[in-house]
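*Asks:* What follows is a structure written as C-alpha coordinates; I'll ask about it next.
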Amino acid sequence: MAVPKRKSSRSRTNHRRSAWKAEAPTLVKTIENGKVVYSLPHRAKVVEDSAGTPLFMEYKGRKVADV
Amino acid sequence: MPKPTKGPRLGGGPAHERLLLANLVSALFTHKSIKTTETKAKRMRPLAERMVTFAKRGDLHARRRVLSALGNKEAVHILFTEIAPLLAEREGGYTRITKLGFRKGDNAPMAQIELVLEPVTKTPSAKKATAAAAPKATQTAPPAAAPVATEVVADETSVEEVAVDEVVVDAAPAEVVAEAAVEEVAADDAATEEAAADEAATEEATDAEKAAE
(Lines give C-alpha, C1' and ligand atoms only; values in the text may rest on other atoms or scores of the structure.)
Protein backbone atom coordinates (compact mmCIF):
# COMPACT_ATOMS: atom_id res chain seq x y z
CA MET A 1 0.00 0.00 0.00
CA ALA A 2 1.25 3.51 -0.87
CA VAL A 3 2.02 5.55 2.23
CA PRO A 4 2.92 9.27 2.59
CA LYS A 5 6.65 9.71 3.05
CA ARG A 6 6.45 12.91 5.07
CA LYS A 7 4.10 14.41 7.57
CA SER A 8 2.20 17.28 5.96
CA SER A 9 3.05 20.44 7.89
CA ARG A 10 0.52 22.62 9.69
CA SER A 11 1.14 25.37 7.14
CA ARG A 12 0.46 23.05 4.19
CA THR A 13 -2.75 21.78 5.79
CA ASN A 14 -3.98 25.29 6.52
CA HIS A 15 -3.22 26.53 3.03
CA ARG A 16 -5.10 23.60 1.52
CA ARG A 17 -8.10 24.23 3.76
CA SER A 18 -8.20 27.98 3.20
CA ALA A 19 -8.35 27.50 -0.58
CA TRP A 20 -11.70 25.70 -0.28
CA LYS A 21 -14.32 28.48 -0.32
CA ALA A 22 -18.06 28.75 -0.74
CA GLU A 23 -19.26 30.87 -3.62
CA ALA A 24 -22.47 32.90 -3.67
CA PRO A 25 -24.90 31.98 -6.47
CA THR A 26 -26.09 34.69 -8.83
CA LEU A 27 -29.75 35.35 -8.07
CA VAL A 28 -32.53 37.27 -9.75
CA LYS A 29 -34.51 39.77 -7.66
CA THR A 30 -38.22 40.01 -8.37
CA ILE A 31 -41.18 41.47 -6.49
CA GLU A 32 -44.18 39.18 -6.13
CA ASN A 33 -47.28 40.38 -4.28
CA GLY A 34 -45.26 43.09 -2.59
CA LYS A 35 -42.59 40.68 -1.35
CA VAL A 36 -39.03 40.68 -2.65
CA VAL A 37 -38.14 37.20 -3.91
CA TYR A 38 -34.66 35.97 -4.87
CA SER A 39 -34.51 33.03 -7.27
CA LEU A 40 -32.13 31.25 -9.62
CA PRO A 41 -32.21 32.57 -13.21
CA HIS A 42 -33.63 30.50 -16.11
CA ARG A 43 -35.26 27.99 -13.81
CA ALA A 44 -38.89 27.03 -13.33
CA LYS A 45 -40.60 28.16 -10.14
CA VAL A 46 -43.10 26.39 -7.92
CA VAL A 47 -46.52 28.05 -7.94
CA GLU A 48 -48.31 27.97 -4.60
CA ASP A 49 -51.89 28.76 -3.67
CA SER A 50 -52.81 31.16 -0.87
CA ALA A 51 -52.40 28.45 1.79
CA GLY A 52 -48.84 27.72 0.62
CA THR A 53 -49.55 24.32 -0.93
CA PRO A 54 -47.36 23.71 -3.99
CA LEU A 55 -49.45 23.33 -7.17
CA PHE A 56 -47.13 23.05 -10.20
CA MET A 57 -43.91 24.32 -11.77
CA GLU A 58 -44.16 27.39 -13.97
CA TYR A 59 -41.72 29.05 -16.38
CA LYS A 60 -42.47 32.16 -18.46
CA GLY A 61 -46.18 31.97 -17.71
CA ARG A 62 -46.40 28.38 -18.89
CA LYS A 63 -47.13 25.35 -16.76
CA VAL A 64 -44.10 23.10 -17.15
CA ALA A 65 -44.29 20.18 -14.77
CA ASP A 66 -46.00 18.81 -11.70
CA VAL A 67 -44.29 19.18 -8.35
CA MET B 1 -25.49 19.29 -37.65
CA PRO B 2 -25.25 18.75 -33.90
CA LYS B 3 -21.91 19.49 -32.32
CA PRO B 4 -20.07 16.37 -31.11
CA THR B 5 -20.35 15.98 -27.37
CA LYS B 6 -17.32 16.40 -25.20
CA GLY B 7 -16.40 14.12 -22.36
CA PRO B 8 -17.25 10.52 -21.55
CA ARG B 9 -20.29 8.59 -22.77
CA LEU B 10 -23.44 8.42 -20.71
CA GLY B 11 -23.99 5.08 -19.06
CA GLY B 12 -20.54 3.60 -19.44
CA GLY B 13 -19.95 2.77 -23.10
CA PRO B 14 -20.98 3.83 -26.58
CA ALA B 15 -23.54 1.03 -26.87
CA HIS B 16 -24.98 1.81 -23.46
CA GLU B 17 -25.30 5.47 -24.37
CA ARG B 18 -27.05 4.62 -27.66
CA LEU B 19 -29.57 2.43 -25.88
CA LEU B 20 -30.08 4.92 -23.07
CA LEU B 21 -30.75 7.80 -25.46
CA ALA B 22 -32.99 5.63 -27.64
CA ASN B 23 -35.07 4.72 -24.60
CA LEU B 24 -35.31 8.36 -23.51
CA VAL B 25 -36.41 9.46 -27.00
CA SER B 26 -39.00 6.68 -27.17
CA ALA B 27 -40.36 7.78 -23.80
CA LEU B 28 -40.49 11.38 -25.04
CA PHE B 29 -42.57 10.39 -28.08
CA THR B 30 -44.97 8.21 -26.11
CA HIS B 31 -45.47 10.68 -23.23
CA LYS B 32 -44.86 14.01 -25.11
CA SER B 33 -43.03 15.40 -22.05
CA ILE B 34 -40.56 13.72 -19.71
CA LYS B 35 -38.50 14.73 -16.70
CA THR B 36 -34.82 13.79 -16.69
CA THR B 37 -31.45 15.24 -15.78
CA GLU B 38 -30.20 18.30 -17.63
CA THR B 39 -27.29 16.39 -19.20
CA LYS B 40 -29.48 13.62 -20.55
CA ALA B 41 -32.04 16.13 -21.84
CA LYS B 42 -29.33 18.04 -23.70
CA ARG B 43 -27.81 14.84 -25.15
CA MET B 44 -31.13 13.39 -26.31
CA ARG B 45 -32.31 16.58 -27.97
CA PRO B 46 -30.38 16.23 -31.28
CA LEU B 47 -31.44 12.58 -31.62
CA ALA B 48 -35.10 13.39 -30.93
CA GLU B 49 -35.14 16.23 -33.46
CA ARG B 50 -33.51 14.03 -36.09
CA MET B 51 -36.18 11.39 -35.55
CA VAL B 52 -38.88 14.05 -36.00
CA THR B 53 -37.26 15.12 -39.27
CA PHE B 54 -37.42 11.53 -40.50
CA ALA B 55 -41.03 11.29 -39.39
CA LYS B 56 -41.94 14.42 -41.36
CA ARG B 57 -40.52 12.78 -44.49
CA GLY B 58 -42.91 9.96 -43.67
CA ASP B 59 -41.94 7.26 -46.21
CA LEU B 60 -41.13 3.63 -45.49
CA HIS B 61 -37.37 4.10 -45.66
CA ALA B 62 -37.51 6.90 -43.07
CA ARG B 63 -39.70 4.73 -40.87
CA ARG B 64 -37.19 1.86 -41.04
CA ARG B 65 -34.29 4.18 -40.18
CA VAL B 66 -36.13 5.53 -37.12
CA LEU B 67 -37.05 2.00 -36.09
CA SER B 68 -33.42 0.92 -36.33
CA ALA B 69 -32.38 3.83 -34.11
CA LEU B 70 -35.14 3.56 -31.49
CA GLY B 71 -36.15 -0.10 -31.60
CA ASN B 72 -39.61 0.65 -30.22
CA LYS B 73 -42.52 0.04 -32.63
CA GLU B 74 -45.09 1.75 -30.44
CA ALA B 75 -43.07 4.96 -30.17
CA VAL B 76 -42.33 4.97 -33.91
CA HIS B 77 -46.02 4.56 -34.72
CA ILE B 78 -47.00 7.43 -32.43
CA LEU B 79 -44.23 9.57 -33.91
CA PHE B 80 -45.29 9.00 -37.51
CA THR B 81 -49.06 9.13 -37.09
CA GLU B 82 -49.64 11.65 -34.27
CA ILE B 83 -46.58 13.85 -33.81
CA ALA B 84 -45.36 14.37 -37.38
CA PRO B 85 -48.61 16.00 -38.65
CA LEU B 86 -48.59 18.44 -35.72
CA LEU B 87 -44.98 19.46 -36.45
CA ALA B 88 -45.39 19.66 -40.24
CA GLU B 89 -45.40 23.49 -40.25
CA ARG B 90 -42.51 23.88 -37.80
CA GLU B 91 -39.00 24.37 -39.21
CA GLY B 92 -36.82 22.86 -36.51
CA GLY B 93 -36.87 23.43 -32.77
CA TYR B 94 -39.24 20.57 -32.08
CA THR B 95 -38.30 20.18 -28.44
CA ARG B 96 -38.20 22.51 -25.45
CA ILE B 97 -36.03 22.06 -22.36
CA THR B 98 -36.97 23.79 -19.11
CA LYS B 99 -34.69 23.62 -16.11
CA LEU B 100 -36.57 22.63 -12.99
CA GLY B 101 -34.37 22.34 -9.95
CA PHE B 102 -32.22 19.88 -8.09
CA ARG B 103 -33.14 16.28 -7.36
CA LYS B 104 -33.48 15.22 -3.79
CA GLY B 105 -30.93 12.54 -3.04
CA ASP B 106 -28.04 13.35 -5.38
CA ASN B 107 -28.70 17.08 -6.07
CA ALA B 108 -28.65 16.46 -9.83
CA PRO B 109 -30.03 19.37 -11.89
CA MET B 110 -33.30 18.21 -13.42
CA ALA B 111 -35.04 19.39 -16.57
CA GLN B 112 -38.34 18.85 -18.34
CA ILE B 113 -38.02 18.10 -22.06
CA GLU B 114 -41.20 18.31 -24.11
CA LEU B 115 -42.33 18.33 -27.71
CA VAL B 116 -43.41 21.76 -28.95
CA LEU B 117 -46.84 20.81 -30.28
CA GLU B 118 -48.43 24.27 -30.29
CA PRO B 119 -49.36 25.58 -33.76
CA VAL B 120 -46.71 27.80 -35.35
CA THR B 121 -47.46 31.54 -35.19
CA LYS B 122 -46.71 32.97 -38.61
CA THR B 123 -44.49 36.05 -38.81
CA PRO B 124 -44.64 38.40 -41.83
CA SER B 125 -41.98 37.87 -44.58
CA ALA B 126 -39.81 34.91 -43.67
CA LYS B 127 -36.26 36.29 -43.94
CA LYS B 128 -36.84 39.73 -42.42
CA ALA B 129 -39.09 38.24 -39.78
CA THR B 130 -36.31 36.08 -38.40
CA ALA B 131 -34.11 39.15 -37.94
CA ALA B 132 -36.93 41.32 -36.60
CA ALA B 133 -38.57 38.61 -34.52
CA ALA B 134 -35.49 38.01 -32.39
CA PRO B 135 -35.49 41.45 -30.68
CA LYS B 136 -39.30 41.42 -30.53
CA ALA B 137 -39.25 38.06 -28.82
CA THR B 138 -36.72 39.30 -26.28
CA GLN B 139 -38.82 42.39 -25.64
CA THR B 140 -42.06 40.48 -25.19
CA ALA B 141 -40.53 37.73 -23.09
CA PRO B 142 -39.68 39.69 -19.90
CA PRO B 143 -43.23 41.08 -19.38
CA ALA B 144 -44.64 37.60 -19.94
CA ALA B 145 -42.07 36.20 -17.54
CA ALA B 146 -42.98 38.43 -14.63
CA PRO B 147 -46.39 40.03 -15.15
CA VAL B 148 -47.15 39.85 -11.44
CA ALA B 149 -43.90 41.54 -10.50
CA THR B 150 -44.35 44.41 -12.94
CA GLU B 151 -47.93 44.97 -11.83
CA VAL B 152 -46.88 45.07 -8.23
CA VAL B 153 -44.09 47.51 -9.01
CA ALA B 154 -46.51 49.71 -10.93
CA ASP B 155 -48.96 49.65 -8.03
CA GLU B 156 -46.30 50.59 -5.54
CA THR B 157 -45.03 53.48 -7.61
CA SER B 158 -48.56 54.79 -8.13
CA VAL B 159 -49.28 54.53 -4.41
CA GLU B 160 -46.09 56.42 -3.60
CA GLU B 161 -46.93 59.14 -6.09
CA VAL B 162 -50.39 59.53 -4.61
CA ALA B 163 -48.96 59.71 -1.11
CA VAL B 164 -46.44 62.37 -2.14
CA ASP B 165 -49.18 64.38 -3.84
CA GLU B 166 -51.37 64.28 -0.73
CA VAL B 167 -48.49 65.41 1.47
CA VAL B 168 -47.73 68.29 -0.84
CA VAL B 169 -51.38 69.32 -0.98
CA ASP B 170 -51.61 69.16 2.81
CA ALA B 171 -48.40 71.09 3.33
CA ALA B 172 -49.26 74.04 1.07
CA PRO B 173 -52.38 75.23 3.00
CA ALA B 174 -50.66 74.42 6.29
CA GLU B 175 -47.87 76.89 5.50
CA VAL B 176 -50.39 79.55 4.62
CA VAL B 177 -52.17 78.88 7.91
CA ALA B 178 -48.87 79.12 9.78
CA GLU B 179 -48.03 82.51 8.28
CA ALA B 180 -51.49 83.77 9.07
CA ALA B 181 -51.16 82.42 12.60
CA VAL B 182 -47.84 84.23 13.16
CA GLU B 183 -49.40 87.53 12.01
CA GLU B 184 -52.38 87.04 14.26
CA VAL B 185 -50.10 86.26 17.22
CA ALA B 186 -48.21 89.47 16.57
CA ALA B 187 -51.45 91.42 16.33
CA ASP B 188 -53.56 90.01 19.17
CA ASP B 189 -51.57 88.97 22.24
CA ALA B 190 -54.48 89.45 24.56
CA ALA B 191 -56.86 86.98 22.96
CA THR B 192 -55.84 83.78 24.73
CA GLU B 193 -58.31 81.52 23.01
CA GLU B 194 -57.22 82.59 19.58
CA ALA B 195 -53.58 82.18 20.60
CA ALA B 196 -54.25 78.61 21.76
CA ALA B 197 -55.92 77.89 18.46
CA ASP B 198 -52.95 79.46 16.65
CA GLU B 199 -50.48 77.33 18.56
CA ALA B 200 -52.41 74.25 17.58
CA ALA B 201 -52.34 75.46 13.99
CA THR B 202 -48.59 76.07 14.10
CA GLU B 203 -48.00 72.63 15.57
CA GLU B 204 -50.04 71.08 12.80
CA ALA B 205 -48.11 73.12 10.25
CA THR B 206 -44.73 71.99 11.59
CA ASP B 207 -45.91 68.39 11.58
CA ALA B 208 -47.04 68.75 8.01
CA GLU B 209 -43.73 70.27 7.03
CA LYS B 210 -41.84 67.40 8.65
CA ALA B 211 -44.04 64.94 6.80
CA ALA B 212 -43.34 66.79 3.57
CA GLU B 213 -39.64 66.60 4.21
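Numbering starts fresh at 1 for the residues of each chain in the C-alpha coordinates, the chains themselves are lettered A, B, ... in the order given, and ligands are numbered from 1 as they appear.
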Any idea what's packed within 10 Å of range 47-58 of chain A, counting only C-alpha atoms, ignoring anything in its chain fewer than 6 positions away? Could you give it as number ranges by chain?
*Replies:* A: 64-67; B: 98, 100-101, 145
*Asks:* Hey, what's within 8 Å of Ala22 in chain B if we count only C-alpha atoms and toss same-chain stuff fewer than 2 positions away? As a CSV table (one decimal) with N, CA, C and O atoms, in the first residue's frame, please?
*Replies:*
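Once everything was written out, this is out_30.csv:
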chain,number,residue,atom,x,y,z
B,18,ARG,N,-26.1,4.7,-26.6
B,18,ARG,CA,-27.0,4.6,-27.7
B,18,ARG,C,-28.4,4.1,-27.2
B,18,ARG,O,-29.4,4.7,-27.5
B,19,LEU,N,-28.3,3.0,-26.4
B,19,LEU,CA,-29.6,2.4,-25.9
B,19,LEU,C,-30.3,3.4,-24.9
B,19,LEU,O,-31.5,3.5,-25.0
B,20,LEU,N,-29.5,4.0,-24.1
B,20,LEU,CA,-30.1,4.9,-23.1
B,20,LEU,C,-30.8,6.1,-23.8
B,20,LEU,O,-31.9,6.4,-23.4
B,24,LEU,N,-34.8,7.0,-23.9
B,24,LEU,CA,-35.3,8.4,-23.5
B,24,LEU,C,-36.2,9.0,-24.6
B,24,LEU,O,-37.2,9.5,-24.4
B,25,VAL,N,-35.7,8.9,-25.9
B,25,VAL,CA,-36.4,9.5,-27.0
B,25,VAL,C,-37.7,8.7,-27.2
B,25,VAL,O,-38.8,9.4,-27.5
B,26,SER,N,-37.7,7.4,-27.1
B,26,SER,CA,-39.0,6.7,-27.2
B,26,SER,C,-40.0,7.1,-26.1
B,26,SER,O,-41.2,7.3,-26.4
B,69,ALA,N,-33.0,3.0,-35.1
B,69,ALA,CA,-32.4,3.8,-34.1
B,69,ALA,C,-33.1,3.7,-32.8
B,69,ALA,O,-32.4,3.6,-31.7
B,70,LEU,N,-34.4,3.6,-32.8
B,70,LEU,CA,-35.1,3.6,-31.5
B,70,LEU,C,-35.4,2.1,-31.0
B,70,LEU,O,-35.4,1.8,-29.8
B,71,GLY,N,-35.8,1.3,-32.0
B,71,GLY,CA,-36.1,-0.1,-31.6
B,71,GLY,C,-37.4,-0.2,-30.8
B,71,GLY,O,-37.5,-1.1,-29.9
*Asks:* When you look at Arg9 in chain B with a cut-off of 12 Å (counting only C-alpha atoms), what residues show up, excluding the ones that are within fewer than 6 positions of it in the same chain? I need them as a list in words.
*Replies:* Ala15, His16, Glu17, Arg18, Leu19, Leu20, Leu21, Thr39, Lys40 and Arg43 of chain B
*Asks:* So what do you get for CA of Asp59 in chain B versus CA of Lys42 in chain B, distance-wise?
*Replies:*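 So the answer is 28.0 Å.
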*Asks:* Hey, which of B:Tyr94, B:Phe102, B:Phe54, B:Phe29 ends up closest to chain A? Count only C-alpha atoms.
*Replies:*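 Of B:Tyr94, B:Phe102, B:Phe54, B:Phe29, the one nearest chain A is B:Phe102, counting only C-alpha atoms.
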*Asks:* Pick out the chain A residues within 12 Å of chain B. Count only C-alpha atoms. Give them as JSON, numbers by chain.
*Replies:* {"A": [28, 29, 30, 31, 32, 33, 34, 35, 36, 37, 39, 40, 41, 42, 43, 44, 45, 46, 56, 57, 58, 59, 60, 61, 62, 63, 64, 65, 66, 67]}
*Asks:* Give me every helix (DSSP H, G or I) residue in chain A, going by DSSP on the backbone, as a PyMOL selection string.
*Replies:* chain A and resi 10-18
*Asks:* As an exercise, work out the distance from CA of Glu49 in chain B to CA of Pro119 in chain B in Å and give it to one decimal place.
*Replies:*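 Interatomic distance, CA of Glu49 in chain B to CA of Pro119 in chain B: 17.0 Å.
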*Asks:* Just how far from CA of Ala48 in chain B is CA of Glu89 in chain B, in Å to one decimal?
*Replies:*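 CA of Glu89 in chain B sits 17.2 Å away from CA of Ala48 in chain B.
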